[in-house]
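*Asks:* Supplied structure: upload.tsv, TSV, N, CA and C atoms.
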```
chain	number	residue	atom	x	y	z
R	1	MET	N	0.84	-1.18	0.00
R	1	MET	CA	0.00	0.00	0.00
R	1	MET	C	0.89	1.25	0.00
R	2	PRO	N	0.71	2.15	-0.97
R	2	PRO	CA	1.53	3.36	-1.02
R	2	PRO	C	1.23	4.28	0.15
R	3	VAL	N	2.29	4.94	0.62
R	3	VAL	CA	2.15	5.88	1.73
R	3	VAL	C	1.68	7.22	1.16
R	4	ALA	N	0.76	7.85	1.87
R	4	ALA	CA	0.27	9.17	1.44
R	4	ALA	C	1.41	10.18	1.50
R	5	GLY	N	1.22	11.31	0.88
R	5	GLY	CA	2.23	12.36	0.90
R	5	GLY	C	2.40	12.97	2.28
R	6	PRO	N	3.07	14.08	2.36
R	6	PRO	CA	3.30	14.74	3.64
R	6	PRO	C	2.00	15.26	4.24
R	7	PRO	N	2.00	15.58	5.54
R	7	PRO	CA	0.79	16.08	6.18
R	7	PRO	C	0.26	17.34	5.47
R	8	PRO	N	-1.02	17.35	5.12
R	8	PRO	CA	-1.59	18.49	4.39
R	8	PRO	C	-1.42	19.82	5.12
R	9	ILE	N	-1.49	19.82	6.44
R	9	ILE	CA	-1.34	21.08	7.18
R	9	ILE	C	0.08	21.64	7.03
R	10	ASP	N	1.07	20.75	6.92
R	10	ASP	CA	2.45	21.19	6.72
R	10	ASP	C	2.64	21.71	5.29
R	11	VAL	N	2.04	21.03	4.34
R	11	VAL	CA	2.12	21.50	2.95
R	11	VAL	C	1.47	22.88	2.84
R	12	ALA	N	0.37	23.08	3.53
R	12	ALA	CA	-0.30	24.40	3.53
R	12	ALA	C	0.61	25.46	4.14
R	13	ALA	N	1.34	25.12	5.18
R	13	ALA	CA	2.28	26.07	5.79
R	13	ALA	C	3.40	26.43	4.83
R	14	ILE	N	3.90	25.45	4.10
R	14	ILE	CA	4.96	25.70	3.12
R	14	ILE	C	4.43	26.60	1.99
R	15	ARG	N	3.24	26.30	1.52
R	15	ARG	CA	2.64	27.13	0.45
R	15	ARG	C	2.41	28.56	0.94
R	16	SER	N	1.96	28.71	2.16
R	16	SER	CA	1.75	30.04	2.73
R	16	SER	C	3.06	30.81	2.80
R	17	TYR	N	4.12	30.13	3.23
R	17	TYR	CA	5.45	30.77	3.27
R	17	TYR	C	5.83	31.26	1.87
R	18	CYS	N	5.64	30.41	0.86
R	18	CYS	CA	6.00	30.78	-0.50
R	18	CYS	C	5.20	31.99	-0.99
R	19	GLU	N	3.90	31.99	-0.70
R	19	GLU	CA	3.04	33.09	-1.14
R	19	GLU	C	3.42	34.42	-0.51
R	20	GLN	N	3.94	34.38	0.70
R	20	GLN	CA	4.29	35.61	1.42
R	20	GLN	C	5.72	36.07	1.13
R	21	ARG	N	6.50	35.28	0.45
R	21	ARG	CA	7.92	35.58	0.23
R	21	ARG	C	8.13	36.77	-0.72
R	22	VAL	N	7.24	36.94	-1.69
R	22	VAL	CA	7.40	38.00	-2.69
R	22	VAL	C	6.30	39.04	-2.50
R	23	PRO	N	6.66	40.32	-2.40
R	23	PRO	CA	5.63	41.35	-2.26
R	23	PRO	C	4.77	41.44	-3.53
R	24	PRO	N	3.49	41.81	-3.37
R	24	PRO	CA	2.57	41.85	-4.52
R	24	PRO	C	3.07	42.66	-5.70
R	25	HIS	N	3.77	43.78	-5.45
R	25	HIS	CA	4.22	44.63	-6.55
R	25	HIS	C	5.31	43.97	-7.42
R	26	ALA	N	5.90	42.86	-6.95
R	26	ALA	CA	6.97	42.21	-7.71
R	26	ALA	C	6.54	40.90	-8.37
R	27	LEU	N	5.28	40.52	-8.18
R	27	LEU	CA	4.81	39.23	-8.70
R	27	LEU	C	4.86	39.12	-10.22
R	28	HIS	N	4.93	40.24	-10.91
R	28	HIS	CA	5.04	40.18	-12.38
R	28	HIS	C	6.46	39.80	-12.81
R	29	GLN	N	7.42	39.83	-11.85
R	29	GLN	CA	8.81	39.52	-12.16
R	29	GLN	C	9.30	38.21	-11.53
R	30	VAL	N	8.81	37.92	-10.33
R	30	VAL	CA	9.31	36.75	-9.60
R	30	VAL	C	8.19	36.15	-8.76
R	31	ARG	N	8.22	34.85	-8.63
R	31	ARG	CA	7.26	34.13	-7.79
R	31	ARG	C	8.01	33.03	-7.06
R	32	VAL	N	7.50	32.66	-5.90
R	32	VAL	CA	8.04	31.53	-5.16
R	32	VAL	C	6.89	30.55	-4.99
R	33	GLU	N	7.16	29.28	-5.27
R	33	GLU	CA	6.08	28.30	-5.20
R	33	GLU	C	6.57	27.00	-4.57
R	34	ALA	N	5.62	26.22	-4.11
R	34	ALA	CA	5.89	24.91	-3.53
R	34	ALA	C	5.45	23.85	-4.53
R	35	ILE	N	6.35	22.95	-4.85
R	35	ILE	CA	6.07	21.87	-5.80
R	35	ILE	C	6.11	20.56	-5.02
R	36	VAL	N	4.96	19.93	-4.89
R	36	VAL	CA	4.86	18.68	-4.14
R	36	VAL	C	5.12	17.51	-5.08
R	37	ASP	N	6.01	16.63	-4.66
R	37	ASP	CA	6.33	15.43	-5.45
R	37	ASP	C	6.55	14.28	-4.46
R	38	GLY	N	5.53	13.46	-4.30
R	38	GLY	CA	5.62	12.36	-3.33
R	38	GLY	C	5.74	12.90	-1.92
R	39	ASN	N	6.81	12.52	-1.23
R	39	ASN	CA	7.04	12.97	0.15
R	39	ASN	C	7.92	14.21	0.22
R	40	SER	N	8.22	14.81	-0.90
R	40	SER	CA	9.06	16.00	-0.93
R	40	SER	C	8.28	17.22	-1.40
R	41	VAL	N	8.68	18.36	-0.86
R	41	VAL	CA	8.14	19.64	-1.32
R	41	VAL	C	9.35	20.50	-1.67
R	42	THR	N	9.43	20.91	-2.92
R	42	THR	CA	10.52	21.75	-3.38
R	42	THR	C	10.04	23.19	-3.42
R	43	ILE	N	10.79	24.06	-2.76
R	43	ILE	CA	10.52	25.49	-2.84
R	43	ILE	C	11.33	26.00	-4.02
R	44	ALA	N	10.64	26.62	-4.97
R	44	ALA	CA	11.29	27.05	-6.20
R	44	ALA	C	10.95	28.51	-6.49
R	45	GLU	N	11.92	29.19	-7.10
R	45	GLU	CA	11.74	30.57	-7.52
R	45	GLU	C	11.53	30.59	-9.02
R	46	ARG	N	10.47	31.27	-9.46
R	46	ARG	CA	10.20	31.43	-10.90
R	46	ARG	C	10.47	32.88	-11.27
R	47	ARG	N	11.14	33.05	-12.40
R	47	ARG	CA	11.47	34.38	-12.91
R	47	ARG	C	10.84	34.59	-14.27
R	48	ALA	N	10.34	35.81	-14.48
R	48	ALA	CA	9.72	36.16	-15.76
R	48	ALA	C	10.76	36.12	-16.88
R	49	PRO	N	10.31	35.90	-18.11
R	49	PRO	CA	11.24	35.91	-19.25
R	49	PRO	C	11.96	37.25	-19.31
R	50	TRP	N	13.24	37.21	-19.58
R	50	TRP	CA	14.01	38.47	-19.60
R	50	TRP	C	14.70	38.72	-20.92
R	51	ARG	N	14.72	37.71	-21.79
R	51	ARG	CA	15.28	37.89	-23.14
R	51	ARG	C	14.37	37.21	-24.14
R	52	PRO	N	13.93	37.95	-25.15
R	52	PRO	CA	13.03	37.37	-26.15
R	52	PRO	C	13.58	36.12	-26.82
R	53	ASP	N	14.91	36.04	-27.02
R	53	ASP	CA	15.47	34.87	-27.71
R	53	ASP	C	15.47	33.62	-26.83
R	54	PHE	N	15.18	33.77	-25.52
R	54	PHE	CA	15.05	32.61	-24.63
R	54	PHE	C	13.62	32.10	-24.57
R	55	GLY	N	12.70	32.80	-25.22
R	55	GLY	CA	11.31	32.37	-25.27
R	55	GLY	C	10.45	32.98	-24.18
R	56	PRO	N	9.15	32.68	-24.21
R	56	PRO	CA	8.19	33.32	-23.30
R	56	PRO	C	8.03	32.59	-21.95
R	57	GLU	N	8.72	31.48	-21.78
R	57	GLU	CA	8.53	30.69	-20.55
R	57	GLU	C	9.27	31.31	-19.37
R	58	TRP	N	8.65	31.19	-18.21
R	58	TRP	CA	9.31	31.60	-16.97
R	58	TRP	C	10.37	30.56	-16.63
R	59	THR	N	11.52	31.01	-16.11
R	59	THR	CA	12.55	30.07	-15.68
R	59	THR	C	12.26	29.65	-14.24
R	60	ILE	N	12.78	28.50	-13.87
R	60	ILE	CA	12.55	27.99	-12.52
R	60	ILE	C	13.89	27.58	-11.92
R	61	GLY	N	14.07	27.95	-10.67
R	61	GLY	CA	15.28	27.59	-9.94
R	61	GLY	C	14.92	27.06	-8.57
R	62	PRO	N	15.15	25.78	-8.33
R	62	PRO	CA	14.88	25.23	-7.01
R	62	PRO	C	15.72	25.92	-5.94
R	63	VAL	N	15.12	26.22	-4.81
R	63	VAL	CA	15.78	26.92	-3.70
R	63	VAL	C	16.12	25.94	-2.59
R	64	ALA	N	15.15	25.13	-2.19
R	64	ALA	CA	15.33	24.18	-1.08
R	64	ALA	C	14.34	23.05	-1.26
R	65	ARG	N	14.64	21.93	-0.62
R	65	ARG	CA	13.71	20.80	-0.64
R	65	ARG	C	13.46	20.35	0.80
R	66	LEU	N	12.20	20.11	1.09
R	66	LEU	CA	11.78	19.59	2.38
R	66	LEU	C	11.26	18.18	2.14
R	67	ARG	N	11.83	17.21	2.84
R	67	ARG	CA	11.42	15.82	2.64
R	67	ARG	C	10.80	15.29	3.93
R	68	TYR	N	9.61	14.74	3.80
R	68	TYR	CA	8.91	14.19	4.95
R	68	TYR	C	9.21	12.69	5.04
R	69	VAL	N	9.64	12.24	6.22
R	69	VAL	CA	9.95	10.84	6.47
R	69	VAL	C	8.83	10.27	7.34
R	70	HIS	N	7.95	9.48	6.74
R	70	HIS	CA	6.79	8.94	7.46
R	70	HIS	C	7.19	8.08	8.66
R	71	LYS	N	8.20	7.27	8.48
R	71	LYS	CA	8.62	6.35	9.54
R	71	LYS	C	8.96	7.09	10.83
R	72	HIS	N	9.60	8.25	10.71
R	72	HIS	CA	10.02	9.02	11.88
R	72	HIS	C	9.11	10.22	12.16
R	73	ARG	N	8.19	10.48	11.23
R	73	ARG	CA	7.27	11.61	11.34
R	73	ARG	C	8.02	12.94	11.52
R	74	HIS	N	9.01	13.12	10.67
R	74	HIS	CA	9.74	14.39	10.70
R	74	HIS	C	10.11	14.85	9.29
R	75	TRP	N	10.50	16.11	9.24
R	75	TRP	CA	10.93	16.75	8.00
R	75	TRP	C	12.44	16.90	8.01
R	76	MET	N	13.05	16.77	6.82
R	76	MET	CA	14.48	17.02	6.65
R	76	MET	C	14.63	18.14	5.61
R	77	LEU	N	15.65	18.93	5.78
R	77	LEU	CA	15.94	20.04	4.87
R	77	LEU	C	17.11	19.66	3.98
R	78	LEU	N	16.97	19.93	2.68
R	78	LEU	CA	18.03	19.64	1.72
R	78	LEU	C	18.36	20.88	0.90
R	79	TRP	N	19.59	20.96	0.43
R	79	TRP	CA	20.02	22.05	-0.44
R	79	TRP	C	20.56	21.44	-1.73
R	80	ARG	N	20.57	22.25	-2.79
R	80	ARG	CA	20.99	21.77	-4.11
R	80	ARG	C	22.32	22.38	-4.49
R	81	ASP	N	23.24	21.55	-4.99
R	81	ASP	CA	24.55	22.05	-5.39
R	81	ASP	C	24.53	22.51	-6.86
R	82	ARG	N	25.65	22.97	-7.33
R	82	ARG	CA	25.73	23.50	-8.70
R	82	ARG	C	25.54	22.42	-9.76
R	83	ASN	N	25.70	21.15	-9.38
R	83	ASN	CA	25.46	20.04	-10.29
R	83	ASN	C	24.04	19.51	-10.19
R	84	GLN	N	23.21	20.25	-9.47
R	84	GLN	CA	21.79	19.97	-9.30
R	84	GLN	C	21.51	18.69	-8.53
R	85	ARG	N	22.43	18.35	-7.62
R	85	ARG	CA	22.22	17.22	-6.71
R	85	ARG	C	21.79	17.76	-5.35
R	86	TRP	N	20.91	17.02	-4.70
R	86	TRP	CA	20.40	17.43	-3.39
R	86	TRP	C	21.22	16.80	-2.28
R	87	HIS	N	21.47	17.61	-1.21
R	87	HIS	CA	22.25	17.17	-0.05
R	87	HIS	C	21.54	17.57	1.23
R	88	HIS	N	21.75	16.77	2.27
R	88	HIS	CA	21.19	17.12	3.58
R	88	HIS	C	21.86	18.39	4.09
R	89	TYR	N	21.05	19.28	4.60
R	89	TYR	CA	21.53	20.53	5.19
R	89	TYR	C	21.92	20.22	6.64
R	90	ASP	N	23.20	20.35	6.97
R	90	ASP	CA	23.73	19.90	8.25
R	90	ASP	C	23.53	20.85	9.42
R	91	PHE	N	23.04	22.05	9.19
R	91	PHE	CA	22.99	23.04	10.26
R	91	PHE	C	21.67	23.06	11.03
R	92	VAL	N	20.77	22.16	10.68
R	92	VAL	CA	19.51	22.03	11.42
R	92	VAL	C	19.11	20.55	11.37
R	93	GLN	N	18.67	20.04	12.48
R	93	GLN	CA	18.29	18.63	12.59
R	93	GLN	C	16.90	18.39	12.01
R	94	PRO	N	16.63	17.16	11.58
R	94	PRO	CA	15.25	16.83	11.18
R	94	PRO	C	14.30	17.13	12.33
R	95	THR	N	13.10	17.56	11.99
R	95	THR	CA	12.13	17.99	13.00
R	95	THR	C	10.71	17.70	12.53
R	96	PRO	N	9.81	17.43	13.48
R	96	PRO	CA	8.41	17.28	13.10
R	96	PRO	C	7.74	18.63	12.79
R	97	ASP	N	8.40	19.72	13.16
R	97	ASP	CA	7.85	21.07	12.98
R	97	ASP	C	8.44	21.72	11.72
R	98	VAL	N	7.71	21.67	10.63
R	98	VAL	CA	8.21	22.19	9.36
R	98	VAL	C	8.48	23.69	9.42
R	99	THR	N	7.81	24.42	10.31
R	99	THR	CA	8.05	25.86	10.39
R	99	THR	C	9.47	26.19	10.83
R	100	LEU	N	10.10	25.31	11.62
R	100	LEU	CA	11.49	25.53	12.01
R	100	LEU	C	12.41	25.48	10.80
R	101	LEU	N	12.11	24.61	9.86
R	101	LEU	CA	12.91	24.53	8.64
R	101	LEU	C	12.65	25.72	7.72
R	102	LEU	N	11.40	26.17	7.67
R	102	LEU	CA	11.09	27.36	6.88
R	102	LEU	C	11.81	28.59	7.45
R	103	GLU	N	11.90	28.68	8.76
R	103	GLU	CA	12.62	29.78	9.39
R	103	GLU	C	14.11	29.73	9.03
R	104	GLU	N	14.68	28.53	8.99
R	104	GLU	CA	16.09	28.38	8.61
R	104	GLU	C	16.30	28.80	7.16
R	105	ILE	N	15.39	28.41	6.28
R	105	ILE	CA	15.48	28.82	4.87
R	105	ILE	C	15.41	30.34	4.77
R	106	GLU	N	14.50	30.94	5.52
R	106	GLU	CA	14.34	32.39	5.47
R	106	GLU	C	15.57	33.11	6.00
R	107	LYS	N	16.11	32.63	7.13
R	107	LYS	CA	17.32	33.25	7.70
R	107	LYS	C	18.52	33.05	6.77
R	108	ASP	N	18.61	31.88	6.19
R	108	ASP	CA	19.68	31.51	5.25
R	108	ASP	C	21.06	31.92	5.75
R	109	PRO	N	21.47	31.45	6.94
R	109	PRO	CA	22.75	31.89	7.51
R	109	PRO	C	23.96	31.49	6.69
R	110	THR	N	23.86	30.48	5.84
R	110	THR	CA	24.98	30.05	5.02
R	110	THR	C	24.91	30.62	3.59
R	111	CYS	N	23.86	31.35	3.30
R	111	CYS	CA	23.62	31.90	1.95
R	111	CYS	C	23.54	30.81	0.88
R	112	ILE	N	23.06	29.66	1.28
R	112	ILE	CA	22.98	28.53	0.35
R	112	ILE	C	21.62	28.46	-0.35
R	113	PHE	N	20.61	29.09	0.22
R	113	PHE	CA	19.27	29.01	-0.35
R	113	PHE	C	18.96	30.23	-1.24
R	114	TRP	N	19.02	31.40	-0.68
R	114	TRP	CA	18.65	32.62	-1.42
R	114	TRP	C	19.86	33.36	-1.96
R	115	GLY	N	21.05	32.93	-1.59
R	115	GLY	CA	22.28	33.57	-2.08
R	115	GLY	C	22.64	34.71	-1.24
```
With the file now loaded, output its structure as structure tokens.
*Replies:*
Amino acid sequence: MPVAGPPPIDVAAIRSYCEQRVPPHALHQVRVEAIVDGNSVTIAERRAPWRPDFGPEWTIGPVARLRYVHKHRHWMLLWRDRNQRWHHYDFVQPTPDVTLLLEEIEKDPTCIFWG
């Protein structure tokens, strides 16, 4: 029997964080969204097209990944390297409280998420 995705209330908290990240006056240029894929939620930044020769599509850049582990009922935070591989973020422990991980992403003390 397949395991359901992450807790819906946590996914709602992640989506709320993403929606509040960009002020309304900048939404025509940049957006932050949560992409749910199985037990993972990727926080991604979308940017409006900036060169006509690149086409009309918005570009997407993953910022962070939150992975829910059902067995332990906790979330883990991951970061993406320049080769687009995901790694465990060592500066915060897995936690059942996803808001603690969102706070770490927002603070970004290592400049690994938002630069």
*Asks:* Using only N, CA and C atoms, which residues sit within 8 Å of Asp10 of chain R once same-chain residues fewer than 6 positions away are excluded, as a list in words?
*Replies:*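 Listed by chain and then number, they are Ser16, Asp97, Val98 and Thr99 of chain R.
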*Asks:* Within chain R, find each residue whose DSSP state, derived from the backbone, is alpha helix (DSSP H), and express the selection as a ChimeraX atom specification.
*Replies:* /R:8-21,98-107
*Asks:* Could you take the residues named above and write them with N, CA and C atoms, as a PDB file, in the coordinates of the input?
*Replies:*
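This went into out_15.pdb:
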```pdb
ATOM      1  N   PRO R   8      -1.020  17.350   5.120  1.00  0.00           N
ATOM      2  CA  PRO R   8      -1.590  18.490   4.390  1.00  0.00           C
ATOM      3  C   PRO R   8      -1.420  19.820   5.120  1.00  0.00           C
ATOM      4  N   ILE R   9      -1.490  19.820   6.440  1.00  0.00           N
ATOM      5  CA  ILE R   9      -1.340  21.080   7.180  1.00  0.00           C
ATOM      6  C   ILE R   9       0.080  21.640   7.030  1.00  0.00           C
ATOM      7  N   ASP R  10       1.070  20.750   6.920  1.00  0.00           N
ATOM      8  CA  ASP R  10       2.450  21.190   6.720  1.00  0.00           C
ATOM      9  C   ASP R  10       2.640  21.710   5.290  1.00  0.00           C
ATOM     10  N   VAL R  11       2.040  21.030   4.340  1.00  0.00           N
ATOM     11  CA  VAL R  11       2.120  21.500   2.950  1.00  0.00           C
ATOM     12  C   VAL R  11       1.470  22.880   2.840  1.00  0.00           C
ATOM     13  N   ALA R  12       0.370  23.080   3.530  1.00  0.00           N
ATOM     14  CA  ALA R  12      -0.300  24.400   3.530  1.00  0.00           C
ATOM     15  C   ALA R  12       0.610  25.460   4.140  1.00  0.00           C
ATOM     16  N   ALA R  13       1.340  25.120   5.180  1.00  0.00           N
ATOM     17  CA  ALA R  13       2.280  26.070   5.790  1.00  0.00           C
ATOM     18  C   ALA R  13       3.400  26.430   4.830  1.00  0.00           C
ATOM     19  N   ILE R  14       3.900  25.450   4.100  1.00  0.00           N
ATOM     20  CA  ILE R  14       4.960  25.700   3.120  1.00  0.00           C
ATOM     21  C   ILE R  14       4.430  26.600   1.990  1.00  0.00           C
ATOM     22  N   ARG R  15       3.240  26.300   1.520  1.00  0.00           N
ATOM     23  CA  ARG R  15       2.640  27.130   0.450  1.00  0.00           C
ATOM     24  C   ARG R  15       2.410  28.560   0.940  1.00  0.00           C
ATOM     25  N   SER R  16       1.960  28.710   2.160  1.00  0.00           N
ATOM     26  CA  SER R  16       1.750  30.040   2.730  1.00  0.00           C
ATOM     27  C   SER R  16       3.060  30.810   2.800  1.00  0.00           C
ATOM     28  N   TYR R  17       4.120  30.130   3.230  1.00  0.00           N
ATOM     29  CA  TYR R  17       5.450  30.770   3.270  1.00  0.00           C
ATOM     30  C   TYR R  17       5.830  31.260   1.870  1.00  0.00           C
ATOM     31  N   CYS R  18       5.640  30.410   0.860  1.00  0.00           N
ATOM     32  CA  CYS R  18       6.000  30.780  -0.500  1.00  0.00           C
ATOM     33  C   CYS R  18       5.200  31.990  -0.990  1.00  0.00           C
ATOM     34  N   GLU R  19       3.900  31.990  -0.700  1.00  0.00           N
ATOM     35  CA  GLU R  19       3.040  33.090  -1.140  1.00  0.00           C
ATOM     36  C   GLU R  19       3.420  34.420  -0.510  1.00  0.00           C
ATOM     37  N   GLN R  20       3.940  34.380   0.700  1.00  0.00           N
ATOM     38  CA  GLN R  20       4.290  35.610   1.420  1.00  0.00           C
ATOM     39  C   GLN R  20       5.720  36.070   1.130  1.00  0.00           C
ATOM     40  N   ARG R  21       6.500  35.280   0.450  1.00  0.00           N
ATOM     41  CA  ARG R  21       7.920  35.580   0.230  1.00  0.00           C
ATOM     42  C   ARG R  21       8.130  36.770  -0.720  1.00  0.00           C
ATOM     43  N   VAL R  98       7.710  21.670  10.630  1.00  0.00           N
ATOM     44  CA  VAL R  98       8.210  22.190   9.360  1.00  0.00           C
ATOM     45  C   VAL R  98       8.480  23.690   9.420  1.00  0.00           C
ATOM     46  N   THR R  99       7.810  24.420  10.310  1.00  0.00           N
ATOM     47  CA  THR R  99       8.050  25.860  10.390  1.00  0.00           C
ATOM     48  C   THR R  99       9.470  26.190  10.830  1.00  0.00           C
ATOM     49  N   LEU R 100      10.100  25.310  11.620  1.00  0.00           N
ATOM     50  CA  LEU R 100      11.490  25.530  12.010  1.00  0.00           C
ATOM     51  C   LEU R 100      12.410  25.480  10.800  1.00  0.00           C
ATOM     52  N   LEU R 101      12.110  24.610   9.860  1.00  0.00           N
ATOM     53  CA  LEU R 101      12.910  24.530   8.640  1.00  0.00           C
ATOM     54  C   LEU R 101      12.650  25.720   7.720  1.00  0.00           C
ATOM     55  N   LEU R 102      11.400  26.170   7.670  1.00  0.00           N
ATOM     56  CA  LEU R 102      11.090  27.360   6.880  1.00  0.00           C
ATOM     57  C   LEU R 102      11.810  28.590   7.450  1.00  0.00           C
ATOM     58  N   GLU R 103      11.900  28.680   8.760  1.00  0.00           N
ATOM     59  CA  GLU R 103      12.620  29.780   9.390  1.00  0.00           C
ATOM     60  C   GLU R 103      14.110  29.730   9.030  1.00  0.00           C
ATOM     61  N   GLU R 104      14.680  28.530   8.990  1.00  0.00           N
ATOM     62  CA  GLU R 104      16.090  28.380   8.610  1.00  0.00           C
ATOM     63  C   GLU R 104      16.300  28.800   7.160  1.00  0.00           C
ATOM     64  N   ILE R 105      15.390  28.410   6.280  1.00  0.00           N
ATOM     65  CA  ILE R 105      15.480  28.820   4.870  1.00  0.00           C
ATOM     66  C   ILE R 105      15.410  30.340   4.770  1.00  0.00           C
ATOM     67  N   GLU R 106      14.500  30.940   5.520  1.00  0.00           N
ATOM     68  CA  GLU R 106      14.340  32.390   5.470  1.00  0.00           C
ATOM     69  C   GLU R 106      15.570  33.110   6.000  1.00  0.00           C
ATOM     70  N   LYS R 107      16.110  32.630   7.130  1.00  0.00           N
ATOM     71  CA  LYS R 107      17.320  33.250   7.700  1.00  0.00           C
ATOM     72  C   LYS R 107      18.520  33.050   6.770  1.00  0.00           C
TER      73      LYS R 107
END
```
*Asks:* Select, from R:Ala4, R:Asn83, R:Ile43, R:Trp50, the residue with the minimum atom-to-atom distance to Leu66 of chain R, counting only N, CA and C atoms.
*Replies:*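 The closest residue to Leu66 of chain R is R:Ile43.
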*Asks:* Write out as a PyMOL selection string all residues of chain R that backbone DSSP assigns to strand (DSSP E or B).
*Replies:* chain R and resi 30-37+40-47+59-69+74-80+86-88+95
*Asks:* Residues at most 6 Å from Val41 of chain R, counting all atoms listed in the file, excluding those fewer than 4 positions away in the same chain, as a ChimeraX atom specification?
*Replies:* /R:34-37,64-68
*Asks:* As an exercise, work out the distance from atom N of Pro8 of chain R to atom C of Trp75 of chain R in Å and give it to one decimal place.
*Replies:* 13.8 Å
*Asks:* Any idea what the distance is between atom C of Asp90 of chain R and atom N of Gly115 of chain R?
*Replies:*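 Pair atom C of Asp90 of chain R / atom N of Gly115 of chain R returns 16.5 Å.
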*Asks:* Enter the distance from atom CA of Pro62 of chain R to atom CA of Glu104 of chain R, in Å, rounded to one decimal.
*Replies:*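 Distance between the two atoms: 16.0 Å.
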*Asks:* Residues at most 12 Å from His70 of chain R, counting only C-alpha atoms, excluding those fewer than 5 positions away in the same chain, as a list in words?
*Replies:*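 Here the answer would be Pro2, Val3, Ala4, Gly5, Pro6, Pro7, Gly38, Asn39, Ser40, Trp75, Met76, Thr95 and Pro96 of chain R.
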*Asks:* Give me the residues near Ile105 of chain R as a PyMOL selection string, where near means some atom within 12 Å (using only C-alpha atoms) and where sequence neighbours in that chain fewer than 4 positions away do not count.
*Replies:* chain R and resi 14+17-18+21+42-44+63-66+76-79+89+91-92+98-101+109-115
